[in-house]
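Undergrad: Let me begin by handing over the structure; questions about it come next.
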Amino acid sequence: MQKIAIISDIHGNLPALESVLKDIKKRSIEKVICLGDLVGKGPNSLEVIDICKEKCDTIIAGNWDKYLANNDKAGDVSWYRQQIGKQRLNYLRDLPEAIGFYISGRYLRLFHAHPHNVFKRIFKNSSIEEKEEMFDIPRIKSIETDSIKADMVGYGDIHSTFIETMGKGRILFNVGSVGNPCDHITMASYVIMEGELNDKIRSNFSIQFQRVSYNIELSIEHARKTNLPKMESYIRELKTAVYSR
């Protein structure tokens with residue numbers, strides 16, 4: 001069986017990303033897929049983009065990536081865009097928004113937030129009807145092996161891990177956030193998917209949630225060396241893993 005690491009929502013937090021990649025390497029994982037939101041919130045968006053381009057096999061666009069790449073208004077957006085630079089903004093603009101493939105006889109689809117809209121948000125307490133939509137054939141820009149409804153769906157966006165079994169043995173899971181977890185655990189989060197990659201025959205598989213310690217104080221130090229927008233809110237989230245409204 002092959003192992004796939006699924007990471008998401010790094011949000012410019014370089015120490016968190018480096019700790020997760022070190023954990024992935026230690027576990028001899030063959031493939032890394034990133035579900036977006038490389039940028040924003042934290043101070044090191046540029047470095048995170050470059051490292052993910054080097055270390056990830058596939059990168060999917062998140063809502064922050066898409067918003068910053070396509071929005072040139074003044075304010076907080078402008079601060080991040082200036083940091084990232086034109087070349088990297090063009091790279092973010094061209095990213096695919098979903099990927100799908102077989103693993104152990106089940107069709108797995110991965111995207112940032114929703115198969116029809118990268119800005120639509122589905123929580124663990126969303127309605128059954130909303131969760132059912134997550135298995136749909138995407139309307140967003142997708143790189144797929146097959147255009148079919150999914151058996152399993154993994155996504156990011158909400159910064160909070162969960163897994164739920166649905167009717168007909170389908171599985172919906174959220175990988176959490178590498179750089180900005182908001183599920184009361186102040187550790188980076190990612191998922192290891194293990195199974196027979198690109199195999200249509202039903203066989204064993206696993207979905208494993210990983211939590212990784214990282215140097216939060218170093219992330220805070222990086223932020224304080226900049227004019228990061230909403231800095232105190234960002235720092236409070238890192239220290240508490242609770243979303244600051």
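Ordering of the structure tokens sets the chain letters (A, B, ...), residue numbers begin anew at 1 in every chain, and ligands are numbered from 1 in the order given.
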Can you write out as CSV which residues of range 76-104 of chain A fall within 7 Å of range 56-64 of chain A, alongside each residue's closest atom pair and its distance in Å to one decimal, counting only C-alpha atoms and ordering rows by chain and ascending residue number?
TA:
```
residue,atom,partner,partner_atom,distance
A:Leu92,CA,A:Ala61,CA,6.8
A:Leu95,CA,A:Ala61,CA,5.4
A:Pro96,CA,A:Ile60,CA,5.4
A:Glu97,CA,A:Ile60,CA,5.0
A:Ala98,CA,A:Ile60,CA,6.1
```
Undergrad: Emit the selected residues as a PDB file, in the first residue's frame, including N, CA, C and O atoms.
TA:
```pdb
ATOM      1  N   LEU A  92      -0.528  31.225  -8.268  1.00  0.00           N
ATOM      2  CA  LEU A  92      -1.727  30.909  -7.485  1.00  0.00           C
ATOM      3  C   LEU A  92      -2.982  30.980  -8.353  1.00  0.00           C
ATOM      4  O   LEU A  92      -3.892  30.153  -8.218  1.00  0.00           O
ATOM      5  N   LEU A  95      -3.709  27.710 -10.369  1.00  0.00           N
ATOM      6  CA  LEU A  95      -3.807  26.409  -9.694  1.00  0.00           C
ATOM      7  C   LEU A  95      -5.147  25.724  -9.977  1.00  0.00           C
ATOM      8  O   LEU A  95      -6.181  26.388 -10.072  1.00  0.00           O
ATOM      9  N   PRO A  96      -5.152  24.384 -10.080  1.00  0.00           N
ATOM     10  CA  PRO A  96      -6.432  23.648 -10.146  1.00  0.00           C
ATOM     11  C   PRO A  96      -7.158  23.754  -8.813  1.00  0.00           C
ATOM     12  O   PRO A  96      -6.570  24.151  -7.799  1.00  0.00           O
ATOM     13  N   GLU A  97      -8.435  23.390  -8.798  1.00  0.00           N
ATOM     14  CA  GLU A  97      -9.241  23.555  -7.593  1.00  0.00           C
ATOM     15  C   GLU A  97      -9.751  22.240  -7.013  1.00  0.00           C
ATOM     16  O   GLU A  97     -10.371  22.227  -5.943  1.00  0.00           O
ATOM     17  N   ALA A  98      -9.503  21.133  -7.699  1.00  0.00           N
ATOM     18  CA  ALA A  98      -9.887  19.812  -7.181  1.00  0.00           C
ATOM     19  C   ALA A  98      -9.069  18.751  -7.896  1.00  0.00           C
ATOM     20  O   ALA A  98      -8.585  18.959  -9.011  1.00  0.00           O
TER      21      ALA A  98
END
```
Undergrad: From a backbone DSSP assignment, name each residue in range 16-90 of chain A labelled strand (DSSP E), as a list in words.
TA: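 Selecting the strand (DSSP E) positions of range 16-90 of chain A gives Lys31, Val32, Ile33, Cys34, Thr58 and Ile59 of chain A.
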Undergrad: Can you spit out the residues from that selection as a PDB file, in the first residue's frame, using N, CA, C and O atoms?
TA:
```
ATOM      1  N   LYS A  31       3.840  10.557  -1.331  1.00  0.00           N
ATOM      2  CA  LYS A  31       3.140  11.586  -2.101  1.00  0.00           C
ATOM      3  C   LYS A  31       2.545  12.621  -1.148  1.00  0.00           C
ATOM      4  O   LYS A  31       2.004  12.267  -0.096  1.00  0.00           O
ATOM      5  N   VAL A  32       2.633  13.893  -1.517  1.00  0.00           N
ATOM      6  CA  VAL A  32       2.074  14.977  -0.706  1.00  0.00           C
ATOM      7  C   VAL A  32       1.126  15.807  -1.569  1.00  0.00           C
ATOM      8  O   VAL A  32       1.503  16.286  -2.640  1.00  0.00           O
ATOM      9  N   ILE A  33      -0.106  15.963  -1.101  1.00  0.00           N
ATOM     10  CA  ILE A  33      -1.099  16.788  -1.787  1.00  0.00           C
ATOM     11  C   ILE A  33      -1.500  17.918  -0.837  1.00  0.00           C
ATOM     12  O   ILE A  33      -1.840  17.682   0.321  1.00  0.00           O
ATOM     13  N   CYS A  34      -1.466  19.144  -1.350  1.00  0.00           N
ATOM     14  CA  CYS A  34      -1.832  20.321  -0.553  1.00  0.00           C
ATOM     15  C   CYS A  34      -3.174  20.853  -1.034  1.00  0.00           C
ATOM     16  O   CYS A  34      -3.364  21.084  -2.234  1.00  0.00           O
ATOM     17  N   THR A  58       1.012  17.743  -5.747  1.00  0.00           N
ATOM     18  CA  THR A  58      -0.122  18.493  -6.294  1.00  0.00           C
ATOM     19  C   THR A  58      -0.518  19.574  -5.299  1.00  0.00           C
ATOM     20  O   THR A  58      -0.550  19.329  -4.089  1.00  0.00           O
ATOM     21  N   ILE A  59      -0.822  20.765  -5.811  1.00  0.00           N
ATOM     22  CA  ILE A  59      -1.332  21.851  -4.977  1.00  0.00           C
ATOM     23  C   ILE A  59      -2.657  22.317  -5.550  1.00  0.00           C
ATOM     24  O   ILE A  59      -2.778  22.588  -6.745  1.00  0.00           O
TER      25      ILE A  59
END
```
Undergrad: For Ile216 in chain A, which residue out of A:Val175, A:Leu17, A:Ile99, A:Ile24 is the nearest one, using only C-alpha atoms?
TA: A:Leu17
Undergrad: Measuring atom to atom with only C-alpha atoms, identify which of A:Arg93, A:Asn44, A:Ala150, A:Cys52 is nearest to Leu68 in chain A.
TA: A:Arg93
Undergrad: What gap, in Å, lies between CA of Ile171 in chain A and CA of Val242 in chain A?
TA: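 Taking CA of Ile171 in chain A and CA of Val242 in chain A, their separation equals 26.0 Å.
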Undergrad: If we count only C-alpha atoms and set the cut-off at 9 Å, which residues sit around Arg88 in chain A, ignoring sequence neighbours fewer than 6 positions away in its own chain? Please answer as a ChimeraX atom specification.
TA: /A:46,49-50,69
Undergrad: Please produce a file of those selected residues containing C-alpha atoms, as a PDB file, in the first residue's frame.
TA:
```pdb
ATOM      1  CA  LEU A  46       6.171  33.795  -0.140  1.00  0.00           C
ATOM      2  CA  ILE A  49       4.546  28.991  -1.729  1.00  0.00           C
ATOM      3  CA  ASP A  50       8.116  28.188  -2.759  1.00  0.00           C
ATOM      4  CA  ALA A  69      -4.482  36.350  -6.702  1.00  0.00           C
TER       5      ALA A  69
END
```
Undergrad: From a backbone DSSP assignment, name each residue in range 110-188 of chain A labelled alpha helix (DSSP H), as a list in words.
TA: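 Answer for range 110-188 of chain A, restricted to alpha helix (DSSP H): Ile128, Glu129, Glu130, Lys131, Glu132 and Glu133 of chain A.
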Undergrad: Counting only C-alpha atoms, which of A:Val39, A:Leu218, A:Met152, A:Leu110 gets nearest to Gly167 in chain A?
TA: A:Met152
Undergrad: A:Ile128, A:Val178, A:Val77, A:Val191: which is nearest Pro229 in chain A, counting only C-alpha atoms?
TA: A:Val77
Undergrad: Just want the 9 Å neighbourhood of Ile10 in chain A, counted on only C-alpha atoms, with same-chain residues fewer than 4 positions away dropped. Output as a ChimeraX atom specification.
TA: /A:14,16-17,36-40,42,45,48,177-180,188
Undergrad: In terms of the shortest atom-to-atom distance over only C-alpha atoms, which of A:Asp23, A:Glu217, A:Glu237, A:Glu194 is closest to Met1 in chain A?
TA: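 The closest residue to Met1 in chain A is A:Glu194.
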Undergrad: Within 7 Å of Lys149 in chain A, counting only C-alpha atoms, which residues show up once you throw out same-chain ones fewer than 3 positions away? Write them as a ChimeraX atom specification, please.
TA: /A:135-137
